[in-house]
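Single-structure report; data block below.
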Amino acid sequence: TDSAAARGVAILGATGSIGTSTLDVIARHPSHYRATALSACRDVDGMEALCRRFQPDLAAMADAGAAAALHARLADLDGVDVLSGEAGLVAAASMSGADTVVAGIVGAAGLAPCLAAVEAGKRVLVANKEALVVAGDLIMSAARRSGARLLPIDSEHNAIFQCLPPQAATLDDAGVERLVLTASGGPFRDRDPATLASVTVEEACAHPNWSMGRKISVDSATMMNKGLELIEACRFFGASAGQVDVLVHPQSLVHALVQYRDGSTLAQMGNPDMRTPIANALAWPERIAAGVKPLDLLAAGRLDFSAPDGGRFPCLALARAALDAGHGATAALNGANEVAVGAFLNGELRFDRIAGVIEETLSAMDGEPENRLEALIDHEQLARREATASLKRWSH
Ligand code: NAD
Ligand code: MG
């Protein structure tokens, strides 16, 4: 292998589900890609193992204590710089040894490093949808200024990306009328809504088709994930809210569709495995092997589609309403959702009360913040405090 010619890749959120899938793809192509930076929050064991295996130049831990522990553990390993805190994540995101950055942190905690990668002009593979929900327009305009190329790896958005012509400046120029995101419906698509009060963390995290981190698994179970993705699609592709539809498709084989004005609809299909969109974005415009089994439509047998059930999944309507209301509301939606999902995962909030906390938070927020980074982050923080107060009312 000729690692001198390999492209450096900084992986933010390396110990997570997206990070692990990315490292799996990279490990299949050692002469083309090298993980030059890895980051995580506080999983010292996970990071130590990854550092020993991938020998990055830089390892960043968001948690300072974890960074110190990692530094001690790696004393025998030459050439790995260990950094800590948000400054460490930002250093990894903008390091000169990486031309590609994978934004794989979960939550708005990933916003600053994602933006740093964009401002440094990197090729940025975006999984971290919360960053786009909180500050999508700012990220997109920063990319236009720096020349950074943004490539979506959320599977639906990567599917849309693959169905769009490479050079079109706007959807209208490309002749696109509608974007359609598919949703599996999650683990509770057919569950009696009356029983949603007793859902356990384990049940909510047991997704029928995808294996993912806990937060996005809960988001999939409430369908807030599709709500966040609706906002992500509008920000990423410059679509209007009314131009994006959601279709429930339980097999998760068609990831998204793009409808053109001439009556053509293009779809991207594949087995539900994040290594496909990751490999697509890593190698774009080339194609590399991802270790994913080819789609077998004969074995699948059928593809089903239905409209989402708004009564069962109120989070979808909350996200649509926030999208209509503007940037402040989408930032607040994200903050409230992170607080509510965190409380559910800690056993402090019933599953069927997640939507109530978010709704109450959104109606308590007033004033539209300026569409500037600090103002949006402040607004999101305010929503987190409102949501925490609301939680107390819903917890019993
Ligand atoms: P995960 O929980 O498996 O991993 C999260 C990673 O982020 C870990 O490496 C963790 O150490 C790091 N992290 C967590 N909190 C942090 C903090 N405060 N500061 C710094 N780092 C922190 O999550 P995931 O499933 O890999 O999801 C990551 C992102 O990708 C999310 O935004 C999710 O919505 C998106 N996404 C994931 C999938 C998937 O299949 N897992 C699919 C589409 C989109
Ligand atoms: Mg998705």
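Chain labels follow the order of the structure tokens: the first chain is A, the next B, and so on; residue numbering restarts at 1 in every chain, and ligands are counted from 1 in their shown order.
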
#### Entry: Shell of 8 Å around range 146-158 of chain A, only C-alpha atoms, local chain residues under 5 positions omitted, as a PyMOL selection string
chain A and resi 118-127+129+181-182+233+255-256+274+277-278+281

Just-selected residues, C-alpha atoms written as a PDB file, in the first residue's frame:
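As written to disk, selection-v6.pdb reads:
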```pdb
ATOM      1  CA  VAL A 118     -16.561  23.880   6.377  1.00  0.00           C
ATOM      2  CA  GLU A 119     -14.694  27.117   7.040  1.00  0.00           C
ATOM      3  CA  ALA A 120     -11.382  25.306   6.501  1.00  0.00           C
ATOM      4  CA  GLY A 121     -12.615  24.371   3.014  1.00  0.00           C
ATOM      5  CA  LYS A 122     -12.669  20.631   3.618  1.00  0.00           C
ATOM      6  CA  ARG A 123     -14.714  18.047   1.821  1.00  0.00           C
ATOM      7  CA  VAL A 124     -17.278  17.508   4.589  1.00  0.00           C
ATOM      8  CA  LEU A 125     -19.357  14.342   4.829  1.00  0.00           C
ATOM      9  CA  VAL A 126     -22.362  15.363   6.895  1.00  0.00           C
ATOM     10  CA  ALA A 127     -24.150  12.797   9.069  1.00  0.00           C
ATOM     11  CA  LYS A 129     -28.183  16.400  10.923  1.00  0.00           C
ATOM     12  CA  LEU A 181     -37.907  11.015   1.881  1.00  0.00           C
ATOM     13  CA  THR A 182     -38.806   7.493   2.846  1.00  0.00           C
ATOM     14  CA  ALA A 233     -33.363  18.424   3.165  1.00  0.00           C
ATOM     15  CA  HIS A 255     -34.034   5.625   0.390  1.00  0.00           C
ATOM     16  CA  ALA A 256     -35.455   8.694  -1.372  1.00  0.00           C
ATOM     17  CA  MET A 274     -24.722   3.226   6.097  1.00  0.00           C
ATOM     18  CA  PRO A 277     -23.823   6.432   1.492  1.00  0.00           C
ATOM     19  CA  ILE A 278     -20.497   6.813   3.330  1.00  0.00           C
ATOM     20  CA  ALA A 281     -19.538  10.425  -0.382  1.00  0.00           C
TER      21      ALA A 281
END
```

#### Entry: Every residue of range 86-229 of chain A that DSSP places in strand (DSSP E), as a ChimeraX atom specification
/A:100-103,123-126,149-152,176-183

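Checking A:Leu333, A:Ile216, A:Val339, A:Leu38 one by one against ligand 2, counting only C-alpha atoms and all ligand atoms, you find the shortest gap at A:Ile216.
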
Skip range 78-84 of chain A itself and residues of its chain fewer than 3 positions away, then list as a PDB file with C-alpha atoms, in the first residue's frame all residues within 7 Å of it, counting only C-alpha atoms.
```
ATOM      1  CA  PRO A  56      -4.015   8.650  13.576  1.00  0.00           C
ATOM      2  CA  ASP A  57      -1.880  11.787  13.946  1.00  0.00           C
ATOM      3  CA  LEU A  58      -4.458  13.348  16.238  1.00  0.00           C
ATOM      4  CA  ALA A  59      -6.999  12.064  18.759  1.00  0.00           C
ATOM      5  CA  ALA A  60      -9.470  14.472  20.360  1.00  0.00           C
ATOM      6  CA  MET A  61     -11.753  13.788  23.318  1.00  0.00           C
ATOM      7  CA  ALA A  62     -14.522  16.283  24.109  1.00  0.00           C
ATOM      8  CA  ASP A  63     -14.238  15.414  27.803  1.00  0.00           C
ATOM      9  CA  ALA A  64     -11.038  16.724  29.437  1.00  0.00           C
ATOM     10  CA  ALA A  67      -8.459  13.136  27.112  1.00  0.00           C
ATOM     11  CA  HIS A  71      -3.029  10.422  26.785  1.00  0.00           C
ATOM     12  CA  ALA A  87     -10.915  23.281  20.789  1.00  0.00           C
ATOM     13  CA  GLY A  88      -9.569  19.760  20.251  1.00  0.00           C
TER      14      GLY A  88
END
```

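Near range 290-300 of chain A, within 8 Å and counting only C-alpha atoms, sit Val25, Arg28, Met269, Gly270, Asn271, Asp273, Arg275, Thr276 and Ala279 of chain A; same-chain residues fewer than 4 positions away were not included.
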
### Query
For Asp378 in chain A, which residue among A:Gly97, A:Pro193, A:Gly328, A:Gly185 is the nearest when counting only C-alpha atoms?
A:Gly328

### Task
Would you mind writing down, as number ranges by chain, each residue of range 119-336 of chain A that DSSP on the backbone assigns to alpha helix (DSSP H)?
A: 119, 129-146, 155-163, 201-205, 214-222, 224-237, 275-283, 297-300, 314-325, 327-336

What's the 8 Å shell around range 236-245 of chain A, counting only C-alpha atoms, without same-chain residues fewer than 6 positions away, as a JSON list (two decimals) with N, CA and C atoms, in the first residue's frame?
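That gives us selection-v4.json:
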```json
[["chain", "number", "residue", "atom", "x", "y", "z"],
["A", 132, "LEU", "N", -27.25, 20.83, 10.90],
["A", 132, "LEU", "CA", -27.99, 21.46, 9.80],
["A", 132, "LEU", "C", -29.33, 21.98, 10.27],
["A", 136, "GLY", "N", -28.34, 25.36, 9.48],
["A", 136, "GLY", "CA", -28.11, 24.86, 8.12],
["A", 136, "GLY", "C", -27.76, 25.94, 7.12],
["A", 137, "ASP", "N", -28.50, 27.06, 7.15],
["A", 137, "ASP", "CA", -28.20, 28.10, 6.15],
["A", 137, "ASP", "C", -26.81, 28.67, 6.36],
["A", 140, "MET", "N", -24.34, 26.19, 4.93],
["A", 140, "MET", "CA", -24.34, 26.20, 3.47],
["A", 140, "MET", "C", -23.67, 27.47, 2.92],
["A", 170, "THR", "N", -29.59, 25.12, -8.67],
["A", 170, "THR", "CA", -30.80, 25.08, -7.85],
["A", 170, "THR", "C", -31.67, 23.91, -8.31],
["A", 171, "LEU", "N", -32.62, 23.52, -7.46],
["A", 171, "LEU", "CA", -33.54, 22.45, -7.83],
["A", 171, "LEU", "C", -34.33, 22.85, -9.07],
["A", 177, "GLU", "N", -39.19, 19.02, -9.16],
["A", 177, "GLU", "CA", -40.40, 19.55, -8.52],
["A", 177, "GLU", "C", -40.54, 19.11, -7.08],
["A", 178, "ARG", "N", -40.24, 17.84, -6.79],
["A", 178, "ARG", "CA", -40.45, 17.37, -5.43],
["A", 178, "ARG", "C", -39.33, 16.43, -4.99],
["A", 179, "LEU", "N", -39.08, 16.43, -3.68],
["A", 179, "LEU", "CA", -38.17, 15.46, -3.07],
["A", 179, "LEU", "C", -39.02, 14.58, -2.15],
["A", 180, "VAL", "N", -38.76, 13.31, -2.13],
["A", 180, "VAL", "CA", -39.53, 12.41, -1.27],
["A", 180, "VAL", "C", -38.55, 11.63, -0.39],
["A", 181, "LEU", "N", -38.72, 11.78, 0.92],
["A", 181, "LEU", "CA", -37.91, 11.02, 1.88],
["A", 181, "LEU", "C", -38.71, 9.79, 2.28],
["A", 230, "LEU", "N", -36.48, 16.32, 7.24],
["A", 230, "LEU", "CA", -37.23, 17.25, 6.40],
["A", 230, "LEU", "C", -36.53, 18.61, 6.41],
["A", 320, "ARG", "N", -42.64, 20.04, 10.99],
["A", 320, "ARG", "CA", -43.16, 20.83, 9.85],
["A", 320, "ARG", "C", -43.54, 22.23, 10.29],
["A", 323, "LEU", "N", -40.46, 24.27, 10.81],
["A", 323, "LEU", "CA", -39.88, 24.63, 9.51],
["A", 323, "LEU", "C", -40.61, 25.84, 8.94],
["A", 324, "ASP", "N", -41.93, 25.85, 9.07],
["A", 324, "ASP", "CA", -42.72, 26.99, 8.58],
["A", 324, "ASP", "C", -42.44, 28.25, 9.40]]
```

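Going from CA of Leu382 in chain A to CA of Leu318 in chain A covers 18.0 Å.
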
#### Entry: Nearest residue to ligand 1 from the set A:Leu89, A:Val341, A:Ile26, A:Cys51 (distances using only C-alpha atoms and all ligand atoms)
A:Leu89

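Using only C-alpha atoms, the residues found no farther than 9 Å from Val218 in chain A, other than those of its own chain fewer than 4 positions away, are A:Gly186, A:Val201, A:Ala204, A:Cys205, A:Ala206, A:His207, A:Gly213, A:Arg214, A:Thr222, A:Met223, A:Met224, A:Asn225, A:Val341, A:Phe344, A:Leu345, A:Phe351.
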